[in-house]
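**Q** structure_19.cif is reproduced below (mmCIF, C-alpha atoms).
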data_work
loop_
_atom_site.label_atom_id
_atom_site.label_comp_id
_atom_site.auth_asym_id
_atom_site.auth_seq_id
_atom_site.Cartn_x
_atom_site.Cartn_y
_atom_site.Cartn_z
CA MET A 269 -13.23 73.36 -23.54
CA GLU A 270 -13.42 69.67 -22.68
CA THR A 271 -15.62 69.16 -25.75
CA ASN A 272 -13.03 70.93 -27.89
CA ARG A 273 -10.32 68.63 -26.58
CA ARG A 274 -12.32 65.59 -27.58
CA TRP A 275 -12.81 66.91 -31.10
CA LEU A 276 -9.14 67.83 -31.34
CA ALA A 277 -8.34 64.20 -30.53
CA VAL A 278 -10.81 63.07 -33.20
CA ALA A 279 -9.21 65.43 -35.72
CA MET A 280 -5.80 63.88 -35.07
CA ILE A 281 -7.01 60.45 -36.22
CA ALA A 282 -7.10 61.49 -39.87
CA PRO A 283 -3.59 62.96 -40.42
CA ILE A 284 -1.98 60.23 -38.32
CA ALA A 285 -3.76 57.53 -40.35
CA TRP A 286 -2.94 59.30 -43.62
CA GLY A 287 0.67 59.70 -42.57
CA SER A 288 0.93 55.96 -41.97
CA THR A 289 0.00 55.21 -45.60
CA TYR A 290 3.51 56.12 -46.79
CA PHE A 291 5.11 53.38 -44.72
CA VAL A 292 2.38 50.78 -45.35
CA THR A 293 2.43 51.39 -49.11
CA ARG A 294 6.22 51.28 -49.34
CA GLU A 295 6.56 48.11 -47.30
CA TRP A 296 3.70 45.88 -48.52
CA LEU A 297 2.03 47.21 -51.68
CA PRO A 298 3.05 47.19 -55.36
CA ASP A 299 3.93 50.37 -57.23
CA ALA A 300 0.43 51.12 -58.55
CA PRO A 301 -0.65 54.36 -56.84
CA VAL A 302 -3.76 55.05 -58.90
CA TRP A 303 -5.11 51.53 -58.43
CA GLY A 304 -4.13 51.85 -54.77
CA ALA A 305 -6.24 55.01 -54.45
CA ALA A 306 -9.21 53.38 -56.20
CA ILE A 307 -8.92 50.23 -54.08
CA ARG A 308 -8.87 52.39 -50.95
CA ALA A 309 -11.69 54.77 -51.85
CA LEU A 310 -14.35 52.59 -53.47
CA PRO A 311 -14.45 49.76 -50.89
CA ALA A 312 -14.30 52.30 -48.05
CA GLY A 313 -17.27 54.13 -49.53
CA LEU A 314 -19.19 50.88 -49.99
CA VAL A 315 -18.54 49.89 -46.37
CA LEU A 316 -19.90 53.22 -45.14
CA LEU A 317 -22.78 52.98 -47.59
CA ALA A 318 -23.70 49.59 -46.12
CA LEU A 319 -23.81 51.22 -42.68
CA VAL A 320 -25.99 54.18 -43.62
CA ARG A 321 -28.16 52.36 -46.21
CA ARG A 322 -29.05 55.59 -47.96
CA LEU A 323 -28.58 56.79 -51.52
CA PRO A 324 -28.22 60.43 -52.49
CA ARG A 325 -31.39 62.36 -53.23
CA GLY A 326 -32.01 65.58 -55.11
CA SER A 327 -29.06 67.94 -55.11
CA TRP A 328 -26.89 65.40 -53.31
CA TRP A 329 -26.27 63.52 -56.55
CA TRP A 330 -24.26 66.41 -57.94
CA LYS A 331 -22.90 67.46 -54.53
CA SER A 332 -21.54 63.93 -53.99
CA ALA A 333 -19.97 64.03 -57.44
CA VAL A 334 -18.37 67.42 -56.72
CA LEU A 335 -17.00 66.31 -53.34
CA GLY A 336 -15.89 62.95 -54.74
CA THR A 337 -14.00 64.72 -57.52
CA LEU A 338 -12.36 67.37 -55.33
CA ASN A 339 -11.50 65.18 -52.33
CA VAL A 340 -10.87 61.81 -53.98
CA GLY A 341 -10.91 61.42 -57.77
CA ALA A 342 -9.12 64.43 -59.22
CA PHE A 343 -7.13 64.83 -56.02
CA PHE A 344 -5.46 61.41 -56.31
CA VAL A 345 -4.86 61.81 -60.04
CA LEU A 346 -3.06 65.11 -59.43
CA VAL A 347 -1.10 63.62 -56.53
CA TYR A 348 -0.06 60.79 -58.85
CA ALA A 349 1.08 63.29 -61.50
CA ALA A 350 3.04 65.28 -58.94
CA ALA A 351 4.72 62.11 -57.65
CA GLN A 352 5.90 61.33 -61.19
CA LEU A 353 7.30 64.82 -61.77
CA LEU A 354 8.64 65.93 -58.38
CA PRO A 355 10.74 64.53 -55.54
CA THR A 356 8.47 63.32 -52.75
CA SER A 357 9.94 65.89 -50.36
CA ILE A 358 8.92 68.84 -52.52
CA ALA A 359 5.46 67.45 -53.25
CA SER A 360 4.87 66.79 -49.52
CA THR A 361 6.02 70.28 -48.59
CA ILE A 362 3.64 71.86 -51.10
CA MET A 363 0.79 69.71 -49.79
CA ALA A 364 1.59 70.90 -46.25
CA THR A 365 0.50 74.40 -47.26
CA SER A 366 -3.07 73.09 -47.16
CA SER A 367 -3.03 74.06 -43.48
CA VAL A 368 -3.22 77.68 -44.67
CA ALA A 369 -5.33 76.98 -47.76
CA ILE A 370 -8.09 75.37 -45.69
CA ALA A 371 -8.32 78.43 -43.45
CA VAL A 372 -8.40 80.77 -46.47
CA ALA A 373 -11.08 78.65 -48.18
CA ALA A 374 -13.19 78.72 -45.00
CA TRP A 375 -12.86 82.50 -44.90
CA ALA A 376 -13.95 82.83 -48.55
CA ILE A 377 -16.78 80.27 -48.50
CA LEU A 378 -18.05 80.29 -44.91
CA ARG A 379 -16.93 83.77 -43.79
CA GLU A 380 -15.04 81.99 -41.00
CA ARG A 381 -12.23 84.36 -40.13
CA PRO A 382 -8.89 82.63 -39.57
CA GLY A 383 -7.15 83.38 -36.30
CA ILE A 384 -3.82 85.16 -36.63
CA LEU A 385 -2.14 82.76 -34.22
CA ARG A 386 -3.34 79.74 -36.20
CA LEU A 387 -2.05 81.22 -39.44
CA LEU A 388 1.30 81.96 -37.83
CA GLY A 389 1.39 78.45 -36.39
CA ALA A 390 0.62 77.01 -39.82
CA LEU A 391 3.44 79.02 -41.39
CA VAL A 392 5.85 77.82 -38.71
CA GLY A 393 4.67 74.26 -39.30
CA ILE A 394 5.10 74.54 -43.07
CA GLY A 395 8.63 75.83 -42.50
CA GLY A 396 9.26 72.84 -40.26
CA VAL A 397 7.98 70.42 -42.92
CA ALA A 398 10.27 72.02 -45.50
CA LEU A 399 13.24 71.77 -43.14
CA MET A 400 12.37 68.18 -42.30
CA LEU A 401 11.86 66.93 -45.85
CA LEU A 402 13.74 69.09 -48.31
CA GLY A 403 17.26 68.09 -49.28
CA THR A 404 19.94 70.15 -50.93
CA ALA A 405 19.99 68.65 -54.43
CA THR A 406 16.56 68.76 -56.05
CA SER A 407 15.26 69.18 -59.58
CA VAL A 408 11.92 70.92 -59.85
CA ASP A 409 9.56 70.36 -62.76
CA PRO A 410 7.05 73.25 -63.00
CA ARG A 411 4.35 70.83 -64.14
CA GLY A 412 4.75 68.87 -60.92
CA VAL A 413 4.53 72.04 -58.86
CA ILE A 414 1.32 73.01 -60.66
CA ALA A 415 -0.13 69.53 -60.08
CA SER A 416 0.73 69.65 -56.37
CA ILE A 417 -0.73 73.12 -55.91
CA ALA A 418 -3.89 72.11 -57.80
CA ALA A 419 -4.31 68.98 -55.64
CA MET A 420 -3.82 70.98 -52.46
CA ALA A 421 -6.22 73.73 -53.54
CA MET A 422 -8.92 71.33 -54.76
CA SER A 423 -8.92 69.27 -51.59
CA SER A 424 -8.96 72.41 -49.41
CA VAL A 425 -12.04 73.73 -51.23
CA GLY A 426 -13.59 70.25 -51.13
CA PHE A 427 -13.13 70.02 -47.36
CA ILE A 428 -14.84 73.37 -46.80
CA LEU A 429 -17.71 72.58 -49.17
CA ALA A 430 -18.19 69.35 -47.22
CA LYS A 431 -18.21 71.35 -43.98
CA ARG A 432 -20.89 73.59 -45.47
CA TRP A 433 -23.08 70.83 -46.93
CA ASN A 434 -22.68 67.94 -44.49
CA GLY A 435 -25.25 69.33 -42.10
CA GLU A 436 -27.95 68.60 -44.67
CA VAL A 437 -27.49 64.80 -44.61
CA GLY A 438 -24.94 63.92 -41.93
CA ILE A 439 -21.26 62.98 -41.91
CA LEU A 440 -21.55 59.26 -42.67
CA PRO A 441 -23.79 59.49 -45.77
CA SER A 442 -21.82 62.38 -47.24
CA THR A 443 -18.49 60.62 -46.71
CA ALA A 444 -19.82 57.35 -48.14
CA TRP A 445 -21.20 58.98 -51.28
CA GLN A 446 -18.11 61.02 -52.08
CA LEU A 447 -15.81 58.03 -51.60
CA VAL A 448 -17.95 55.90 -53.92
CA PHE A 449 -18.09 58.61 -56.58
CA GLY A 450 -14.38 59.32 -56.29
CA GLY A 451 -13.43 55.64 -56.36
CA LEU A 452 -15.57 55.00 -59.46
CA ALA A 453 -13.98 58.00 -61.19
CA LEU A 454 -10.49 56.63 -60.48
CA ILE A 455 -11.02 53.19 -62.05
CA PRO A 456 -10.95 54.27 -65.74
CA PHE A 457 -7.85 56.38 -65.13
CA ALA A 458 -6.15 53.49 -63.32
CA ILE A 459 -6.86 51.13 -66.24
CA ILE A 460 -5.47 53.64 -68.76
CA VAL A 461 -2.33 54.46 -66.78
CA GLU A 462 -1.50 51.20 -64.98
CA GLY A 463 -3.38 48.45 -66.80
CA PRO A 464 -5.13 45.67 -64.88
CA PRO A 465 -5.30 45.73 -61.07
CA PRO A 466 -2.12 44.61 -59.30
CA VAL A 467 -1.82 41.12 -57.85
CA VAL A 468 -0.97 41.09 -54.14
CA ASP A 469 -0.20 38.42 -51.56
CA GLY A 470 -1.71 38.00 -48.10
CA ALA A 471 0.34 40.82 -46.62
CA GLY A 472 -0.75 43.09 -49.45
CA LEU A 473 -4.41 42.24 -48.86
CA ALA A 474 -3.98 43.05 -45.17
CA ALA A 475 -2.32 46.34 -46.09
CA TYR A 476 -5.16 47.23 -48.44
CA GLY A 477 -7.61 46.31 -45.68
CA TYR A 478 -5.89 48.70 -43.29
CA LEU A 479 -5.79 51.51 -45.85
CA THR A 480 -9.45 50.97 -46.72
CA LEU A 481 -10.96 50.69 -43.26
CA VAL A 482 -8.64 52.83 -41.13
CA ALA A 483 -6.74 55.26 -43.39
CA THR A 484 -9.75 56.00 -45.60
CA ALA A 485 -13.15 55.16 -44.06
CA LEU A 486 -12.36 55.96 -40.41
CA ALA A 487 -9.95 58.79 -41.22
CA ASN A 488 -12.35 60.61 -43.53
CA VAL A 489 -15.27 60.29 -41.12
CA ALA A 490 -13.09 61.63 -38.29
CA TRP A 491 -11.81 64.50 -40.45
CA PHE A 492 -15.25 65.67 -41.55
CA ALA A 493 -16.67 65.24 -38.04
CA ALA A 494 -13.87 67.45 -36.68
CA LEU A 495 -14.53 70.02 -39.40
CA LYS A 496 -18.15 70.15 -38.28
CA HIS A 497 -17.30 70.90 -34.65
CA LEU A 498 -14.06 72.90 -34.88
CA PRO A 499 -12.89 75.94 -36.87
CA ALA A 500 -11.42 74.95 -40.23
CA GLY A 501 -8.15 76.70 -39.39
CA THR A 502 -7.72 74.49 -36.32
CA VAL A 503 -8.37 71.28 -38.26
CA GLY A 504 -6.03 72.38 -41.05
CA LEU A 505 -3.32 73.05 -38.48
CA ILE A 506 -3.69 69.54 -37.05
CA GLY A 507 -3.31 68.21 -40.60
CA LEU A 508 0.41 68.97 -40.30
CA LEU A 509 0.66 65.76 -38.27
CA ASN A 510 0.50 63.90 -41.60
CA PRO A 511 4.16 64.31 -42.66
CA VAL A 512 5.27 64.09 -39.02
CA THR A 513 3.66 60.64 -38.73
CA GLY A 514 5.35 59.46 -41.92
CA VAL A 515 8.77 60.56 -40.67
CA LEU A 516 8.31 59.12 -37.16
CA LEU A 517 7.15 55.75 -38.48
CA GLY A 518 10.26 55.61 -40.62
CA VAL A 519 12.35 56.16 -37.49
CA LEU A 520 10.47 53.92 -35.06
CA VAL A 521 9.63 51.02 -37.38
CA ALA A 522 12.05 51.15 -40.30
CA GLY A 523 15.05 52.24 -38.24
CA GLU A 524 15.74 55.41 -40.22
CA ILE A 525 18.06 57.99 -38.67
CA LEU A 526 17.11 61.67 -38.49
CA GLU A 527 19.73 64.36 -38.99
CA GLY A 528 19.87 67.50 -36.89
CA ARG A 529 18.11 69.51 -39.60
CA GLN A 530 15.24 67.03 -39.67
CA LEU A 531 14.94 67.04 -35.88
CA ALA A 532 14.77 70.83 -35.91
CA GLY A 533 12.06 70.69 -38.58
CA LEU A 534 10.10 68.15 -36.56
CA ALA A 535 10.28 70.41 -33.50
CA LEU A 536 9.06 73.39 -35.55
CA VAL A 537 6.06 71.47 -36.86
CA LEU A 538 5.04 70.38 -33.36
CA LEU A 539 5.54 73.94 -32.07
CA GLY A 540 3.43 75.37 -34.89
CA ILE A 541 0.60 72.97 -34.02
CA ALA A 542 0.75 73.12 -30.24
CA ALA A 543 1.38 76.82 -29.53
CA PRO A 544 -1.86 78.25 -31.02
CA LEU A 545 -3.98 75.49 -29.48
CA LEU A 546 -2.42 75.96 -26.03
CA PHE A 547 -2.87 79.73 -26.27
CA ASP A 548 -6.55 79.27 -27.16
CA GLY A 549 -7.00 77.02 -24.16
CA LEU A 550 -5.30 79.45 -21.78
CA LEU A 551 -7.31 82.37 -23.14
CA ALA A 552 -10.59 80.50 -22.73
CA HIS A 553 -9.64 79.48 -19.19
CA ARG A 554 -8.81 83.09 -18.26
CA ARG A 555 -12.12 84.33 -19.61
CA ARG A 556 -14.06 81.70 -17.73
CA SER A 557 -12.18 82.57 -14.54
CA ARG A 558 -13.02 86.25 -14.93
CA ALA A 559 -16.68 85.45 -15.57
CA ALA A 560 -16.83 83.30 -12.43
CA ALA A 561 -14.86 85.72 -10.22
CA PRO A 562 -16.61 86.70 -6.92
CA GLY A 563 -18.39 90.02 -7.07
CA GLN A 564 -18.76 89.81 -10.86
CA PRO A 565 -21.91 87.80 -11.45
CA ALA A 566 -22.73 87.15 -15.06
CA SER A 567 -25.59 89.30 -16.27
CA VAL A 568 -28.60 87.71 -17.84
CA GLY A 569 -28.63 90.06 -20.79
CA SER A 570 -26.72 90.03 -24.03
CA GLY A 571 -23.43 89.89 -22.14
CA SER A 572 -24.25 86.33 -21.14
CA ALA A 573 -24.07 85.30 -24.77
CA GLU A 574 -20.48 86.48 -24.84
CA ALA A 575 -19.77 84.65 -21.59
CA ALA A 576 -21.29 81.49 -22.98
CA SER A 577 -19.13 81.78 -26.07
CA GLU A 578 -15.93 82.07 -24.07
CA ALA A 579 -15.92 78.36 -23.31
CA ASP A 580 -15.38 77.93 -27.05
CA PRO A 581 -12.86 80.48 -28.36
CA ASP A 582 -14.13 79.93 -31.92
CA PRO A 583 -17.89 79.45 -31.70
CA ASP A 584 -19.95 78.81 -34.81
CA PRO A 585 -21.45 82.19 -35.83
CA SER A 586 -24.94 80.73 -36.15
CA ILE A 587 -24.70 79.17 -32.67
CA LEU A 588 -23.48 82.44 -31.17
CA SER A 589 -26.29 84.33 -32.89
CA SER A 590 -28.90 81.97 -31.47
CA ARG A 591 -27.35 82.30 -28.02
CA ARG A 592 -27.63 86.07 -28.22
CA GLY A 593 -31.23 85.83 -29.32
CA VAL A 594 -32.15 83.61 -26.38
CA PHE A 595 -30.32 85.74 -23.83
CA GLN A 596 -31.70 89.00 -25.18
CA SER A 597 -35.28 87.75 -25.18
CA THR A 598 -34.81 86.48 -21.64
CA SER A 599 -33.38 89.83 -20.58
CA ALA A 600 -36.24 91.72 -22.19
CA SER A 601 -38.83 89.62 -20.41
CA GLN A 602 -37.15 90.22 -17.06
CA ARG A 603 -36.85 93.97 -17.62
CA SER A 604 -40.50 94.45 -18.57
CA PRO A 605 -42.58 95.32 -15.48
CA SER A 606 -44.95 92.74 -14.15
CA PRO A 607 -48.60 93.67 -14.65
CA GLN A 608 -50.14 95.20 -11.54
CA PRO A 609 -53.49 93.86 -10.38
CA SER A 610 -56.20 96.29 -11.30
CA SER A 611 -58.20 97.66 -8.42
CA THR A 612 -61.96 97.25 -8.68
CA SER A 613 -64.18 99.90 -7.32
CA SER A 614 -66.77 98.79 -4.93
#
Go ahead and render the structure in this file as C-alpha cells.
**A**
Amino acid sequence: METNRRWLAVAMIAPIAWGSTYFVTREWLPDAPVWGAAIRALPAGLVLLALVRRLPRGSWWWKSAVLGTLNVGAFFVLVYAAAQLLPTSIASTIMATSSVAIAVAAWAILRERPGILRLLGALVGIGGVALMLLGTATSVDPRGVIASIAAMAMSSVGFILAKRWNGEVGILPSTAWQLVFGGLALIPFAIIVEGPPPVVDGAGLAAYGYLTLVATALANVAWFAALKHLPAGTVGLIGLLNPVTGVLLGVLVAGEILEGRQLAGLALVLLGIAAPLLFDGLLAHRRRSRAAAPGQPASVGSGSAEAASEADPDPDPSILSSRRGVFQSTSASQRSPSPQPSSTSS
C-alpha cells in the first residue's frame, strides 16, 4: 500500500503540471498554440534523448511514430482545432472524459477491468468539471466537439499503448522518442497555420523552459511511470486534477473569484478522485488485518497468492499469475511425502 501511495504521488505530478500550462501560457507566451506545442515537445524529447542516449531499433521506429502521433502530434493539432471552434470551458469538459476513456481503452487493449468505484468517481469528477467550467451562454460548433472527442480518444488509446509497449524499452527512451516524433510532426503544421516561430522576451523564454522541462519532459515521464505501476483507471482518475489546477492557479495567483457553482464543482471533482482511492486503501487494510489476525495463519498454498495480492487491490494480472505459480509449486513440494530411507537387508 505504501508503494501505491508513492506512485499515486508520482501520478499527480503530470496533471498538476499540465494544469499549470493554462496560466503560464496566458500570462507570458504569445498566441501561437501550435508553435507552443512544438517548442514544448521537441526540446523536451531531445533533453530526454540526451539522457538515455539510445535511438529506436526495429519495431520501435513505427511504435515511436504511432505514440508520437497519438499523444503529441495529432493530439495537439486537434486540441488547437477545438480551441478555435469551441469555448475553452466546453473543450476542457470534453477532455475531462478521458478519465473514463482511459479505463475503457485499458479494458479493450489490456483486458484490465475497470473498477466500478473508479468509474463512478470519474463520472462524479466529470460532472464537477462541467459544473466548474461551463457557463450558461455557450455556442457549440459540432466540428469542435468532434475535434475534442477525437483528441481525447486518441490520447487515451496512446496512453494505453504506451503502457503496453513501454516494458520493452523502458519509460525514458519511449517518452523521449515519442516526444521527438510528435514535435517534428508539429513543425510543418505550425509553419502552415501560424507562420514563422513567435518572438519572445526573457520571460517568454523562461516560460517555454518551464513548459519544456517540467510540464512536458518531467510530466510525461511521471505519467507513463505511474501507468506502469498503477491501474489505468486510477491514473485516469487522477488526471482530473488538470482542470482543478488551472482553476486554483487562477484564484491563488491571478486573483480570480470563484462563484458558488464553481466551488461546488471543485468539491465534486475532489470527491470523485478521493473517494475511490480512500475506499481502495481501507479495503486493502481490512484484508491485510484479516490475514494477520491471530488464529488465522496464512496458508502456504494457493491462498497465499490471494493474500499477497491484497496489499495491492489492483495487482497486475501477470504478477498475480506468477505469484500463484510460486505459491502452488511451494505447496506441492511441501505436501509430497519425504522419501523414506530404504532398509537394507543384512
**Q** Select from range 440-506 of chain A every residue with an atom at most 12 Å from any atom of range 371-384 of chain A, then for each give the shortest pair of atoms and their distance in Å to one decimal, using all atoms listed in the file, rows by chain and rising number, as CSV.
**A**
residue,atom,partner,partner_atom,distance
A:Leu495,CA,A:Ala374,CA,10.4
A:Lys496,CA,A:Ala374,CA,12.0
A:Leu498,CA,A:Glu380,CA,11.0
A:Pro499,CA,A:Glu380,CA,7.6
A:Ala500,CA,A:Ala371,CA,5.7
A:Gly501,CA,A:Ala371,CA,4.4
A:Thr502,CA,A:Ala371,CA,8.2
A:Val503,CA,A:Ala371,CA,8.8
A:Gly504,CA,A:Ala371,CA,6.9
A:Leu505,CA,A:Ala371,CA,8.9
A:Ile506,CA,A:Ala371,CA,11.9
**Q** Written as a PyMOL selection string, which residues does the PyMOL selection byres ((chain A and resi 473-490) around 8) give for the file shown?
**A** chain A and resi 278-279+281-283+285-286+288-289+292-293+296-297+304+307-309+311-313+315-316+439-440+443+468-472+491-494
**Q** Please list as a PDB file with C-alpha atoms, in the coordinates of the input every residue within 7 Å of Gly393 in chain A, counting all atoms listed in the file and excluding residues in the same chain fewer than 3 positions away.
**A**
ATOM      1  CA  GLY A 389       1.390  78.450 -36.390  1.00  0.00           C
ATOM      2  CA  ALA A 390       0.620  77.010 -39.820  1.00  0.00           C
ATOM      3  CA  GLY A 396       9.260  72.840 -40.260  1.00  0.00           C
ATOM      4  CA  VAL A 397       7.980  70.420 -42.920  1.00  0.00           C
ATOM      5  CA  LEU A 508       0.410  68.970 -40.300  1.00  0.00           C
ATOM      6  CA  LEU A 536       9.060  73.390 -35.550  1.00  0.00           C
ATOM      7  CA  VAL A 537       6.060  71.470 -36.860  1.00  0.00           C
ATOM      8  CA  GLY A 540       3.430  75.370 -34.890  1.00  0.00           C
ATOM      9  CA  ILE A 541       0.600  72.970 -34.020  1.00  0.00           C
TER      10      ILE A 541
END
**Q** Considering only C-alpha atoms, return as a PyMOL selection string whatever protein or nucleic-acid residues lie within 8 Å of Asn339 in chain A, sequence-local ones (same chain, fewer than 3 positions apart) excluded.
**A** chain A and resi 335-336+342-343+422-423+426-427+446+450
**Q** By how many Å are CA of Ile428 in chain A and CA of Ala398 in chain A apart?
**A**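 It comes out at 25.2 Å.
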**Q** Please write the residues picked by the PyMOL selection byres ((chain A and resi 409-418) around 6) on this file as a list in words.
**A**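 After applying the PyMOL selection byres ((chain A and resi 409-418) around 6), what remains is Leu346, Ala350, Leu353, Leu354, Val408, Ala419, Met420, Ala421 and Met422 of chain A.
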**Q** I'd like the contact shell of Pro464 in chain A - 12 Å cut-off, all atoms listed in the file, skipping same-chain residues fewer than 2 positions apart - returned as a ChimeraX atom specification.
**A** /A:300,302-304,455-462,466-467
**Q** What does the file look like for those residues with C-alpha atoms, as a PDB file, in the frame of the given file?
**A**
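Writing the result to again-v8.pdb gives the following:
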ATOM      1  CA  ALA A 300       0.430  51.120 -58.550  1.00  0.00           C
ATOM      2  CA  VAL A 302      -3.760  55.050 -58.900  1.00  0.00           C
ATOM      3  CA  TRP A 303      -5.110  51.530 -58.430  1.00  0.00           C
ATOM      4  CA  GLY A 304      -4.130  51.850 -54.770  1.00  0.00           C
ATOM      5  CA  ILE A 455     -11.020  53.190 -62.050  1.00  0.00           C
ATOM      6  CA  PRO A 456     -10.950  54.270 -65.740  1.00  0.00           C
ATOM      7  CA  PHE A 457      -7.850  56.380 -65.130  1.00  0.00           C
ATOM      8  CA  ALA A 458      -6.150  53.490 -63.320  1.00  0.00           C
ATOM      9  CA  ILE A 459      -6.860  51.130 -66.240  1.00  0.00           C
ATOM     10  CA  ILE A 460      -5.470  53.640 -68.760  1.00  0.00           C
ATOM     11  CA  VAL A 461      -2.330  54.460 -66.780  1.00  0.00           C
ATOM     12  CA  GLU A 462      -1.500  51.200 -64.980  1.00  0.00           C
ATOM     13  CA  PRO A 466      -2.120  44.610 -59.300  1.00  0.00           C
ATOM     14  CA  VAL A 467      -1.820  41.120 -57.850  1.00  0.00           C
TER      15      VAL A 467
END
